[in-house]
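coords_6.cif (mmCIF, C-alpha atoms and all ligand atoms)
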```cif
data_start
#
loop_
_atom_site.label_atom_id
_atom_site.label_comp_id
_atom_site.auth_asym_id
_atom_site.auth_seq_id
_atom_site.Cartn_x
_atom_site.Cartn_y
_atom_site.Cartn_z
CA MET A 1 0.00 0.00 0.00
CA LYS A 2 3.03 2.27 0.50
CA GLU A 3 3.49 2.72 -3.25
CA GLU A 4 -0.15 3.57 -3.82
CA LEU A 5 -0.17 6.04 -0.93
CA PHE A 6 2.97 7.71 -2.22
CA GLU A 7 1.45 8.00 -5.70
CA LEU A 8 -1.73 9.50 -4.26
CA LEU A 9 0.24 12.09 -2.27
CA ILE A 10 2.23 13.03 -5.37
CA ARG A 11 -0.91 13.39 -7.49
CA LEU A 12 -2.67 15.48 -4.90
CA GLY A 13 0.43 17.49 -4.02
CA ASP A 14 1.02 18.21 -7.72
CA ASP A 15 -2.61 19.32 -8.18
CA HIS A 16 -2.20 21.80 -5.36
CA LEU A 17 1.28 23.05 -6.21
CA VAL A 18 0.51 23.53 -9.91
CA LEU A 19 -2.84 25.22 -9.32
CA GLY A 20 -1.32 27.26 -6.48
CA HIS A 21 1.39 28.43 -8.87
CA ARG A 22 -1.19 29.35 -11.53
CA VAL A 23 -3.32 31.30 -9.06
CA SER A 24 -0.21 33.07 -7.72
CA GLU A 25 0.43 34.39 -11.24
CA TRP A 26 -2.46 36.79 -10.58
CA CYS A 27 -0.56 38.49 -7.76
CA GLY A 28 -0.36 42.15 -8.75
CA HIS A 29 -2.53 41.62 -11.84
CA ALA A 30 -6.00 40.94 -10.44
CA PRO A 31 -8.86 43.10 -11.75
CA MET A 32 -9.44 44.79 -8.40
CA LEU A 33 -7.62 45.24 -5.08
CA GLU A 34 -9.81 42.79 -3.14
CA GLU A 35 -9.07 40.10 -5.70
CA ASP A 36 -5.39 40.93 -5.55
CA LEU A 37 -5.65 39.91 -1.88
CA ALA A 38 -8.03 37.01 -2.39
CA LEU A 39 -6.19 35.16 -5.15
CA PRO A 40 -2.74 35.13 -3.51
CA ASN A 41 -4.45 34.06 -0.26
CA ILE A 42 -6.02 31.13 -2.08
CA ALA A 43 -2.69 30.35 -3.74
CA LEU A 44 -1.06 30.31 -0.29
CA ASP A 45 -3.64 27.82 0.97
CA LEU A 46 -3.05 25.58 -2.05
CA ILE A 47 0.73 25.74 -1.76
CA GLY A 48 0.48 25.16 1.98
CA GLN A 49 -1.61 22.05 1.34
CA ALA A 50 0.93 20.92 -1.27
CA ARG A 51 3.74 21.33 1.27
CA SER A 52 1.97 19.11 3.82
CA LEU A 53 1.28 16.49 1.12
CA TYR A 54 4.85 16.51 -0.25
CA THR A 55 6.41 16.38 3.21
CA TYR A 56 4.28 13.35 3.99
CA ALA A 57 5.06 11.82 0.57
CA GLY A 58 8.77 12.09 1.38
CA GLU A 59 8.22 10.32 4.72
CA VAL A 60 6.17 7.55 3.10
CA GLU A 61 8.79 7.08 0.41
CA GLY A 62 11.53 6.86 3.05
CA ARG A 63 14.37 7.95 0.78
CA GLY A 64 15.05 11.23 2.48
CA ARG A 65 13.42 13.52 -0.07
CA ASP A 66 11.88 16.65 1.41
CA GLU A 67 9.13 18.91 0.07
CA ASP A 68 11.56 21.09 -1.88
CA GLN A 69 13.22 18.20 -3.68
CA ILE A 70 9.83 16.85 -4.66
CA ALA A 71 8.55 20.24 -5.81
CA TYR A 72 11.58 21.65 -7.58
CA VAL A 73 13.72 19.02 -9.21
CA ARG A 74 11.34 16.59 -10.87
CA LEU A 75 10.82 16.54 -14.60
CA GLU A 76 7.54 17.29 -16.35
CA ARG A 77 6.67 13.63 -16.85
CA ASP A 78 7.03 13.01 -13.11
CA TYR A 79 4.27 15.49 -12.31
CA HIS A 80 0.94 13.69 -11.99
CA ASN A 81 -1.43 16.63 -11.64
CA LEU A 82 -4.83 16.96 -13.24
CA LEU A 83 -4.64 18.74 -16.58
CA LEU A 84 -7.29 21.15 -15.28
CA THR A 85 -4.85 22.55 -12.71
CA GLU A 86 -2.21 23.47 -15.30
CA ARG A 87 -4.59 25.24 -17.68
CA PRO A 88 -3.40 28.81 -18.22
CA ASN A 89 -5.17 31.56 -16.30
CA GLY A 90 -6.73 33.06 -19.41
CA ASP A 91 -9.09 35.87 -18.47
CA PHE A 92 -10.61 36.22 -15.01
CA ALA A 93 -13.58 34.07 -16.09
CA HIS A 94 -11.33 31.14 -16.98
CA THR A 95 -9.55 31.41 -13.64
CA ILE A 96 -12.83 31.49 -11.71
CA VAL A 97 -14.36 28.56 -13.57
CA ARG A 98 -11.17 26.51 -13.05
CA GLN A 99 -11.32 27.38 -9.32
CA LEU A 100 -14.98 26.42 -9.13
CA PHE A 101 -14.51 23.04 -10.80
CA PHE A 102 -11.48 22.11 -8.72
CA SER A 103 -12.53 23.44 -5.32
CA VAL A 104 -15.98 21.84 -5.45
CA PHE A 105 -14.27 18.53 -6.19
CA MET A 106 -11.67 18.97 -3.45
CA GLN A 107 -14.21 20.04 -0.85
CA ALA A 108 -15.99 16.70 -1.32
CA TRP A 109 -12.67 14.82 -1.49
CA TRP A 110 -11.25 16.34 1.70
CA ARG A 111 -14.51 15.82 3.57
CA GLU A 112 -14.30 12.10 2.87
CA ALA A 113 -10.55 12.01 3.54
CA VAL A 114 -11.13 13.37 7.06
CA LYS A 115 -12.36 9.81 7.79
CA SER A 116 -9.21 8.24 6.30
CA THR A 117 -7.69 5.25 8.09
CA ASP A 118 -4.37 7.02 7.50
CA GLU A 119 -3.96 9.41 10.43
CA THR A 120 -1.67 11.90 8.73
CA LEU A 121 -3.84 12.20 5.64
CA ALA A 122 -6.89 12.63 7.89
CA ALA A 123 -5.12 15.46 9.74
CA ILE A 124 -4.14 17.24 6.51
CA ALA A 125 -7.71 16.83 5.28
CA ALA A 126 -9.21 18.24 8.48
CA LYS A 127 -7.40 21.53 7.86
CA ALA A 128 -7.84 21.60 4.12
CA VAL A 129 -11.57 20.94 4.12
CA LYS A 130 -12.20 24.18 5.99
CA GLU A 131 -9.99 26.16 3.61
CA ALA A 132 -11.66 24.56 0.59
CA ALA A 133 -15.03 25.80 1.87
CA TYR A 134 -13.80 29.38 1.45
CA HIS A 135 -12.42 28.61 -2.00
CA VAL A 136 -15.75 27.18 -3.12
CA ARG A 137 -17.61 30.20 -1.80
CA HIS A 138 -15.23 32.63 -3.49
CA ALA A 139 -15.48 30.89 -6.87
CA ALA A 140 -19.23 30.28 -6.64
CA GLU A 141 -19.99 33.90 -5.79
CA TRP A 142 -17.94 35.15 -8.71
CA THR A 143 -19.49 32.59 -11.04
CA ILE A 144 -22.95 33.90 -10.16
CA ARG A 145 -21.91 37.54 -10.30
CA LEU A 146 -20.31 37.18 -13.72
CA GLY A 147 -22.68 34.61 -15.23
CA ASP A 148 -25.69 36.70 -14.23
CA GLY A 149 -23.84 39.92 -14.97
CA THR A 150 -23.44 41.89 -18.17
CA GLU A 151 -23.66 40.50 -21.68
CA GLU A 152 -19.87 40.62 -21.86
CA SER A 153 -19.26 38.86 -18.54
CA ALA A 154 -21.87 36.17 -19.30
CA HIS A 155 -20.28 35.54 -22.68
CA ARG A 156 -16.82 35.19 -21.17
CA MET A 157 -18.11 32.78 -18.55
CA GLU A 158 -19.79 30.65 -21.21
CA GLU A 159 -16.52 30.55 -23.14
CA ALA A 160 -14.61 29.53 -20.01
CA VAL A 161 -17.09 26.79 -19.13
CA SER A 162 -16.94 25.25 -22.58
CA ALA A 163 -13.12 25.51 -22.69
CA LEU A 164 -12.62 23.87 -19.30
CA TRP A 165 -15.44 21.33 -19.26
CA PRO A 166 -13.34 18.73 -21.14
CA TYR A 167 -10.86 18.82 -18.22
CA THR A 168 -13.39 17.89 -15.53
CA GLY A 169 -13.77 14.18 -16.30
CA GLU A 170 -10.19 13.44 -15.26
CA MET A 171 -11.00 14.34 -11.64
CA PHE A 172 -13.27 11.30 -11.31
CA GLU A 173 -11.04 8.75 -13.07
CA THR A 174 -10.19 5.59 -11.21
CA ASP A 175 -7.30 3.18 -11.64
CA ALA A 176 -5.46 0.53 -9.61
CA VAL A 177 -4.12 3.22 -7.26
CA THR A 178 -7.47 4.80 -6.39
CA GLU A 179 -9.14 1.39 -6.13
CA ALA A 180 -6.56 0.00 -3.70
CA LEU A 181 -6.70 3.13 -1.54
CA ALA A 182 -10.49 3.24 -1.50
CA GLU A 183 -10.57 -0.44 -0.59
CA ALA A 184 -8.24 0.22 2.36
CA GLY A 185 -10.30 3.22 3.51
CA ILE A 186 -7.32 5.53 2.98
CA ALA A 187 -8.76 7.81 0.29
CA PRO A 188 -12.17 8.27 -1.30
CA ASP A 189 -12.98 6.68 -4.63
CA PRO A 190 -13.04 9.77 -6.88
CA SER A 191 -15.85 8.39 -9.01
CA SER A 192 -18.08 8.32 -5.93
CA LEU A 193 -17.85 12.12 -5.71
CA LYS A 194 -19.22 12.78 -9.20
CA ALA A 195 -22.92 12.93 -8.28
CA GLU A 196 -22.30 15.52 -5.58
CA TRP A 197 -20.01 17.56 -7.84
CA ASP A 198 -22.63 17.52 -10.61
CA LYS A 199 -25.28 18.71 -8.19
CA VAL A 200 -23.26 21.57 -6.67
CA ILE A 201 -22.14 22.77 -10.10
CA ALA A 202 -25.72 22.54 -11.42
CA ASP A 203 -27.00 24.58 -8.45
CA VAL A 204 -24.37 27.29 -8.94
CA PHE A 205 -24.90 27.33 -12.72
CA ALA A 206 -28.67 27.65 -12.23
CA GLU A 207 -28.14 30.83 -10.21
CA ALA A 208 -25.47 32.03 -12.62
CA LEU A 209 -27.73 31.45 -15.64
CA LEU A 210 -25.06 29.22 -17.10
CA SER A 211 -25.48 25.76 -18.48
CA ALA A 212 -23.17 22.78 -18.50
CA PRO A 213 -22.24 21.54 -21.96
CA ASP A 214 -23.73 18.28 -23.17
CA GLU A 215 -21.36 15.38 -22.65
CA ALA A 216 -18.12 16.60 -24.16
CA TRP A 217 -15.06 14.55 -25.08
CA GLN A 218 -12.84 14.41 -22.02
CA GLN A 219 -9.10 15.02 -21.83
CA SER A 220 -6.93 12.63 -19.87
CA GLY A 221 -3.27 11.89 -19.20
CA GLY A 222 -2.19 14.18 -16.36
CA ARG A 223 -2.14 11.35 -13.84
CA LYS A 224 0.34 9.53 -16.10
CA GLY A 225 2.54 12.56 -16.64
CA ARG A 226 1.24 13.52 -20.09
CA HIS A 227 0.78 17.26 -20.05
CA GLY A 228 -0.22 20.15 -22.24
CA GLU A 229 2.42 22.33 -23.83
CA GLU A 230 1.90 25.01 -21.17
CA MET A 231 3.18 22.77 -18.38
CA GLY A 232 6.80 23.05 -19.47
CA TYR A 233 6.64 26.83 -19.29
CA LEU A 234 5.02 26.66 -15.88
CA LEU A 235 7.80 24.43 -14.55
CA ALA A 236 10.48 26.59 -16.12
CA ASP A 237 9.13 29.48 -14.08
CA LEU A 238 8.49 27.45 -10.92
CA GLN A 239 11.83 25.62 -10.89
CA TYR A 240 14.13 28.30 -12.26
CA ILE A 241 15.97 29.19 -9.04
CA GLN A 242 16.62 25.59 -8.01
CA ARG A 243 17.79 24.72 -11.52
CA ALA A 244 20.08 27.73 -11.79
CA TYR A 245 21.43 27.47 -8.24
CA PRO A 246 20.96 23.84 -7.12
CA ASP A 247 20.24 23.37 -3.41
CA MET A 248 20.30 27.08 -2.70
CA THR A 249 18.35 28.22 0.35
CA TRP A 250 17.57 31.56 1.92
CA MET B 1 12.95 22.36 40.47
CA ASP B 2 10.69 19.39 39.74
CA ARG B 3 9.30 18.63 36.36
CA ALA B 4 5.89 20.25 37.01
CA ASP B 5 7.54 23.56 37.93
CA LEU B 6 9.83 23.40 34.92
CA GLN B 7 6.89 22.65 32.69
CA ALA B 8 4.91 25.59 34.10
CA ARG B 9 7.91 27.89 33.61
CA ALA B 10 8.40 26.67 30.05
CA TRP B 11 4.73 27.14 29.27
CA ASP B 12 4.80 30.71 30.61
CA ALA B 13 7.82 31.52 28.47
CA ALA B 14 6.34 30.08 25.27
CA ALA B 15 2.85 31.39 25.98
CA SER B 16 4.08 34.99 26.21
CA VAL B 17 5.06 35.06 22.52
CA PRO B 18 2.84 37.53 20.64
CA ASP B 19 1.30 36.49 17.34
CA PRO B 20 3.51 38.09 14.64
CA GLU B 21 0.55 39.32 12.60
CA VAL B 22 -1.89 40.14 15.40
CA PRO B 23 0.47 41.24 18.20
CA CYS B 24 -2.32 42.21 20.61
CA VAL B 25 -2.77 38.52 21.42
CA THR B 26 -0.32 35.75 22.20
CA VAL B 27 0.11 32.43 20.43
CA ALA B 28 -1.43 30.83 23.53
CA ASP B 29 -4.46 33.18 23.40
CA LEU B 30 -5.10 32.06 19.83
CA GLY B 31 -4.71 28.38 20.63
CA ILE B 32 -1.75 28.07 18.25
CA LEU B 33 0.52 26.92 21.10
CA ARG B 34 -0.98 23.54 22.02
CA SER B 35 1.32 22.29 24.76
CA VAL B 36 4.78 22.51 26.27
CA ASP B 37 6.20 19.41 27.94
CA ILE B 38 9.53 18.54 29.48
CA ASP B 39 10.81 15.26 28.06
CA ALA B 40 13.00 12.67 29.80
CA ASP B 41 16.16 14.56 28.81
CA GLY B 42 14.83 17.82 30.19
CA VAL B 43 14.16 19.26 26.74
CA ALA B 44 11.15 21.59 26.49
CA VAL B 45 9.02 20.27 23.65
CA ALA B 46 6.54 22.86 22.36
CA ARG B 47 3.74 21.82 20.02
CA VAL B 48 2.26 24.40 17.70
CA THR B 49 -0.46 24.09 15.10
CA PRO B 50 -0.79 26.25 12.00
CA THR B 51 -3.96 28.31 11.61
CA TYR B 52 -4.08 27.86 7.83
CA SER B 53 -2.07 25.32 5.80
CA GLY B 54 -0.36 28.14 3.96
CA CYS B 55 -0.04 30.64 6.80
CA PRO B 56 3.34 32.35 6.26
CA ALA B 57 3.47 33.19 9.98
CA THR B 58 3.77 29.55 11.02
CA LEU B 59 7.55 29.47 10.64
CA ALA B 60 7.93 32.85 12.36
CA ILE B 61 5.84 31.57 15.27
CA GLU B 62 7.91 28.41 15.58
CA LEU B 63 11.12 30.42 15.64
CA ALA B 64 9.75 32.90 18.17
CA VAL B 65 8.60 30.10 20.50
CA GLU B 66 11.98 28.41 20.20
CA THR B 67 13.76 31.68 20.96
CA ALA B 68 11.54 32.43 23.96
CA LEU B 69 12.22 29.00 25.44
CA ARG B 70 15.97 29.29 24.88
CA GLU B 71 15.99 32.71 26.51
CA ALA B 72 14.22 31.18 29.50
CA GLY B 73 17.12 28.72 29.74
CA PHE B 74 15.64 25.65 28.11
CA GLU B 75 16.98 23.21 25.59
CA THR B 76 14.09 23.11 23.21
CA ARG B 77 12.39 21.48 20.27
CA VAL B 78 9.32 22.75 18.44
CA GLU B 79 6.98 20.26 16.80
CA ARG B 80 4.25 21.08 14.31
CA VAL B 81 0.99 19.22 14.85
CA LEU B 82 -1.84 19.14 12.32
CA SER B 83 -4.42 17.21 14.30
CA PRO B 84 -6.79 18.24 15.69
CA ALA B 85 -7.13 21.01 13.13
CA TRP B 86 -6.99 24.54 14.52
CA THR B 87 -10.33 26.23 14.96
CA THR B 88 -11.30 29.75 15.96
CA ASN B 89 -13.30 28.10 18.77
CA TRP B 90 -9.99 27.88 20.63
CA ILE B 91 -9.79 31.67 20.91
CA GLY B 92 -10.92 32.44 24.44
CA ALA B 93 -13.26 35.20 25.64
CA ASP B 94 -10.40 37.40 26.90
CA ALA B 95 -8.58 37.14 23.60
CA ARG B 96 -11.76 38.01 21.69
CA GLU B 97 -12.05 41.17 23.77
CA LYS B 98 -8.37 42.01 23.09
CA LEU B 99 -8.99 41.59 19.36
CA ARG B 100 -12.00 43.90 19.48
CA GLU B 101 -10.06 46.58 21.37
CA TYR B 102 -7.31 46.26 18.77
CA GLY B 103 -9.85 46.95 16.02
CA ILE B 104 -10.35 43.42 14.71
CA ALA B 105 -13.84 41.95 14.89
CA PRO B 106 -13.49 38.59 16.66
CA PRO B 107 -14.80 35.40 15.03
CA VAL B 108 -18.51 34.96 15.54
CA GLU B 109 -18.83 31.19 15.47
CA ALA B 110 -16.92 28.32 13.93
CA SER B 111 -18.07 27.54 10.44
CA GLY B 112 -19.53 24.16 11.20
CA SER B 113 -21.77 24.44 8.18
CA ILE B 114 -19.26 24.36 5.37
CA ARG B 115 -22.12 23.69 3.02
CA SER B 116 -23.79 27.02 3.62
CA LEU B 117 -22.44 28.54 0.45
CA PHE B 118 -23.96 31.93 0.85
CA GLY B 119 -24.66 32.02 4.55
CA GLU B 120 -23.73 35.49 5.77
CA THR B 121 -22.49 36.01 9.29
CA GLU B 122 -23.51 39.07 11.26
CA VAL B 123 -20.28 40.84 12.14
CA ALA B 124 -20.34 43.77 14.56
CA CYS B 125 -18.10 46.78 13.94
CA PRO B 126 -15.25 46.67 16.51
CA ARG B 127 -15.33 50.48 16.78
CA CYS B 128 -19.00 51.46 17.10
CA GLY B 129 -20.65 48.09 17.65
CA SER B 130 -23.07 48.48 14.74
CA THR B 131 -24.08 45.30 12.96
CA GLU B 132 -24.76 47.32 9.80
CA THR B 133 -21.58 46.03 8.19
CA ALA B 134 -20.69 44.81 4.73
CA ARG B 135 -18.11 42.26 3.67
CA VAL B 136 -15.70 43.84 1.21
CA SER B 137 -13.63 40.72 0.65
CA GLU B 138 -13.52 37.23 2.07
CA PHE B 139 -9.75 37.49 2.02
CA GLY B 140 -7.94 40.21 3.93
CA SER B 141 -4.42 41.25 4.88
CA THR B 142 -3.62 37.78 6.27
CA PRO B 143 -5.10 34.33 5.61
CA CYS B 144 -7.10 34.42 8.84
CA LYS B 145 -8.86 37.72 8.20
CA ALA B 146 -11.64 39.03 5.97
CA HIS B 147 -12.10 42.66 5.02
CA TYR B 148 -15.26 44.50 6.16
CA ARG B 149 -16.69 48.00 6.16
CA CYS B 150 -19.00 49.52 8.77
CA GLU B 151 -22.04 51.18 7.18
CA ALA B 152 -22.73 53.19 10.38
CA CYS B 153 -19.36 54.78 11.18
CA LEU B 154 -17.93 54.10 7.68
CA GLU B 155 -14.68 52.69 9.04
CA PRO B 156 -13.06 49.72 7.31
CA PHE B 157 -12.02 46.89 9.60
CA ASP B 158 -10.66 43.34 9.67
CA TYR B 159 -12.77 40.41 10.73
CA PHE B 160 -11.07 37.32 12.15
CA LYS B 161 -12.73 34.63 10.00
CA CYS B 162 -14.33 31.58 11.53
CA ILE B 163 -12.74 28.35 10.56
ZN ZN C 301 -18.71 51.18 13.01
#
```
Take the structure I supplied and represent it as structure tokens, if you would.
Amino acid sequence: MKEELFELLIRLGDDHLVLGHRVSEWCGHAPMLEEDLALPNIALDLIGQARSLYTYAGEVEGRGRDEDQIAYVRLERDYHNLLLTERPNGDFAHTIVRQLFFSVFMQAWWREAVKSTDETLAAIAAKAVKEAAYHVRHAAEWTIRLGDGTEESAHRMEEAVSALWPYTGEMFETDAVTEALAEAGIAPDPSSLKAEWDKVIADVFAEALLSAPDEAWQQSGGRKGRHGEEMGYLLADLQYIQRAYPDMTW
Amino acid sequence: MDRADLQARAWDAAASVPDPEVPCVTVADLGILRSVDIDADGVAVARVTPTYSGCPATLAIELAVETALREAGFETRVERVLSPAWTTNWIGADAREKLREYGIAPPVEASGSIRSLFGETEVACPRCGSTETARVSEFGSTPCKAHYRCEACLEPFDYFKCI
């Protein structure tokens, strides 16, 4: 089970680090001051969650790797994040829709993980579930405000929903890793969270006057290290200091 | 000095450390400092819990607690504990009053209902006491605070979010 647990922690840690990095790109560029505080705050939560997950991954692996070595010196193919999390920020609508899709999923995931038979994962989840509640609220409120806003904002939200919808199916994918962990009561079966996710998104969309696309073709591959072109650029930015000055600290 | 006295002295030293971002209250007032014990080797072991996973103050708090214990003459070790997860319920009545005097509206209740997407909390202005207040942003100057405005006295203020 050690291998499966390690893989889970890497997947989840990568989701949070990569999305945290994306959200942090808004720092100093958000459309208004309040958002310039909100988005970096959310990024901090995500990166903080990634740090806890990576630290634990290093302990589980038992080869002496710490959070920094896991975050900064792996190659693109070794990152097992959801493709959704690496999608570029685009306009504010794309960022908000990406946040909504991911945080609604994670809120359900963490809530189930609080009951994990793995004590450390349960402890990480107990903190994260409360933070995720704020992320959901932030994204849902903006979704409603923009979807039920002006003609321009509604149009941009529709564009964002149709662009990102093909990246939602990957969240619920199962494989030998998720099955073994669900069986052992360590982590929820992601496919079991789909009904709740559908319902929350449908409720928010109803208020936002948005509609979910009909079943769209779904992207896949992030969990196996197959990424979009943008991922390389993201890592170049994220890893630059450690690549240029290996093992430097400050 | 027996172990109970040492432990009490170590606790007092660690508990006096002010929160780096909200210096009107101590890390003990906020419930961030969970315990201080003296282990078999006489080392003071302090346990601290982060407020938010990504709170940048966590490291500063750990260093400050370590420093305070060393200055009080202890060999020391600081451990970070995640469970049970920190909650604003651990902020005592005295500390809530100190926050209010400092100009920060104290947390109203822990957000037990994480499903209440649009549930609004009634937050009283720390200056004039009016409940005619509006939330400007869920996210304020630090991860633990939200940004509010009083509609009565028109002052902006921070609200210590429930979590
Ligand atoms: Zn007032």
Contacts of B:Ala93 at 10 Å (only C-alpha atoms; same-chain gap of 5+ positions) as number ranges by chain: B: 29, 98-99, 106
Around the point (-9.8, 9.1, -18.8) in the file's coordinates, collect all residues with an atom within 9 Å, using all atoms listed in the file, and return them as number ranges by chain. A: 169-174, 218-221
Select from chain B every residue with an atom at most 9 Å from any atom of ligand ZN 301 (chain C), then for each give the shortest pair of atoms and their distance in Å to one decimal, using all atoms listed in the file, rows by chain and rising number, as a tab-separated table.
```
residue	atom	partner	partner_atom	distance
B:Ala124	CA	C:ZN301	ZN	7.7
B:Cys125	CA	C:ZN301	ZN	4.5
B:Pro126	CA	C:ZN301	ZN	6.7
B:Arg127	CA	C:ZN301	ZN	5.1
B:Cys128	CA	C:ZN301	ZN	4.1
B:Gly129	CA	C:ZN301	ZN	5.9
B:Ser130	CA	C:ZN301	ZN	5.4
B:Thr131	CA	C:ZN301	ZN	8.0
B:Glu132	CA	C:ZN301	ZN	7.9
B:Thr133	CA	C:ZN301	ZN	7.6
B:Arg149	CA	C:ZN301	ZN	7.8
B:Cys150	CA	C:ZN301	ZN	4.6
B:Glu151	CA	C:ZN301	ZN	6.7
B:Ala152	CA	C:ZN301	ZN	5.2
B:Cys153	CA	C:ZN301	ZN	4.1
B:Leu154	CA	C:ZN301	ZN	6.1
B:Glu155	CA	C:ZN301	ZN	5.9
B:Pro156	CA	C:ZN301	ZN	8.2
B:Phe157	CA	C:ZN301	ZN	8.6
```
Taking all atoms listed in the file into account, find every residue of chain A that has an atom no more than 6 Å from chain B, and write it out as a short mmCIF file (atom, residue, chain, number, x, y, z; two decimals) with C-alpha atoms, in the coordinates of the input.
```
data_model
loop_
_atom_site.label_atom_id
_atom_site.label_comp_id
_atom_site.auth_asym_id
_atom_site.auth_seq_id
_atom_site.Cartn_x
_atom_site.Cartn_y
_atom_site.Cartn_z
CA GLU A 34 -9.81 42.79 -3.14
CA ALA A 38 -8.03 37.01 -2.39
CA ASN A 41 -4.45 34.06 -0.26
CA LEU A 44 -1.06 30.31 -0.29
CA ASP A 45 -3.64 27.82 0.97
CA GLY A 48 0.48 25.16 1.98
CA GLN A 49 -1.61 22.05 1.34
CA ALA A 123 -5.12 15.46 9.74
CA ALA A 126 -9.21 18.24 8.48
CA LYS A 127 -7.40 21.53 7.86
CA ALA A 133 -15.03 25.80 1.87
CA ARG A 137 -17.61 30.20 -1.80
#
```
Which neighbours of A:His227 fall inside 8 Å, counting all atoms listed in the file, when residues of the same chain fewer than 3 positions from it are skipped, and could you give them as a list in words?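 Listing them by chain and then by number gives Glu76, Arg77, Leu83, Gly221, Gly222, Glu230 and Met231 of chain A.
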Among listed residues A:Tyr79, A:Phe205, A:Tyr56, A:Trp165, nearest A:Glu141 (using only C-alpha atoms):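 When distances to A:Glu141 are compared using only C-alpha atoms, the smallest one comes from A:Phe205.
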Please measure the separation of atom CA of A:Gly228 and atom CA of A:Glu159, giving the value in Å to one decimal.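 Atom CA of A:Glu159 lies 19.4 Å from atom CA of A:Gly228.
Ranking B:Asn89, B:Thr121, B:Thr49, B:Thr67 by their shortest atom-to-atom distance to B:Ala13, with only C-alpha atoms included, puts B:Thr67 first.
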Could you tell me, as a PyMOL selection string, which residues have any atom at most 12 Å from (-10.0, 33.3, -17.7), counting only C-alpha atoms? chain A and resi 22-23+26+30-31+87-99+143+146+153+155-164
Please compute the atom CA of A:Asp148-atom CA of A:Ala208 distance, one decimal, in Å.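 Taking atom CA of A:Asp148 and atom CA of A:Ala208, their separation equals 4.9 Å.
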Smallest atom-to-atom distance to A:Thr249: which of A:Lys115, A:Gln69, A:Ser211, A:Ile144, using all atoms listed in the file? A:Gln69
Might you pull out every residue within 7 Å of A:His80, with only C-alpha atoms counted and same-chain residues fewer than 2 positions away left off, and present them as a list in words?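 Within the cut-off, the hits are Ile10, Arg11, Asp14, Asp78, Leu82, Gly222, Arg223, Lys224 and Gly225 of chain A.
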Restricting it to C-alpha atoms, dump the selection as a PDB file, keeping the file's coordinate frame.
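Contents of selection_15.pdb, as written:
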```
ATOM      1  CA  ILE A  10       2.230  13.030  -5.370  1.00  0.00           C
ATOM      2  CA  ARG A  11      -0.910  13.390  -7.490  1.00  0.00           C
ATOM      3  CA  ASP A  14       1.020  18.210  -7.720  1.00  0.00           C
ATOM      4  CA  ASP A  78       7.030  13.010 -13.110  1.00  0.00           C
ATOM      5  CA  LEU A  82      -4.830  16.960 -13.240  1.00  0.00           C
ATOM      6  CA  GLY A 222      -2.190  14.180 -16.360  1.00  0.00           C
ATOM      7  CA  ARG A 223      -2.140  11.350 -13.840  1.00  0.00           C
ATOM      8  CA  LYS A 224       0.340   9.530 -16.100  1.00  0.00           C
ATOM      9  CA  GLY A 225       2.540  12.560 -16.640  1.00  0.00           C
TER      10      GLY A 225
END
```
Give me, please, the distance in Å between atom CA of A:Met1 and atom CA of A:Leu53, quoted to one decimal.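 Interatomic distance here is 16.6 Å.
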Kindly reconstruct stretch 74-83 of chain A with N, CA and C atoms and present the result as a CSV table (one decimal), in the coordinates of the input.
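Now in result-v7.csv:
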```
chain,number,residue,atom,x,y,z
A,74,ARG,N,11.9,17.7,-10.0
A,74,ARG,CA,11.3,16.6,-10.9
A,74,ARG,C,11.1,17.1,-12.3
A,75,LEU,N,11.1,16.2,-13.2
A,75,LEU,CA,10.8,16.5,-14.6
A,75,LEU,C,9.3,16.5,-14.9
A,76,GLU,N,9.0,17.1,-16.0
A,76,GLU,CA,7.5,17.3,-16.4
A,76,GLU,C,6.8,16.0,-16.3
A,77,ARG,N,7.4,14.9,-16.8
A,77,ARG,CA,6.7,13.6,-16.8
A,77,ARG,C,6.4,13.0,-15.5
A,78,ASP,N,7.2,13.5,-14.5
A,78,ASP,CA,7.0,13.0,-13.1
A,78,ASP,C,5.9,13.7,-12.3
A,79,TYR,N,5.4,14.8,-12.9
A,79,TYR,CA,4.3,15.5,-12.3
A,79,TYR,C,3.0,14.8,-12.7
A,80,HIS,N,2.2,14.4,-11.7
A,80,HIS,CA,0.9,13.7,-12.0
A,80,HIS,C,-0.3,14.5,-11.7
A,81,ASN,N,-0.3,15.8,-11.9
A,81,ASN,CA,-1.4,16.6,-11.6
A,81,ASN,C,-2.5,16.5,-12.7
A,82,LEU,N,-3.7,16.9,-12.3
A,82,LEU,CA,-4.8,17.0,-13.2
A,82,LEU,C,-4.5,18.0,-14.3
A,83,LEU,N,-4.9,17.8,-15.5
A,83,LEU,CA,-4.6,18.7,-16.6
A,83,LEU,C,-5.4,20.0,-16.3
```
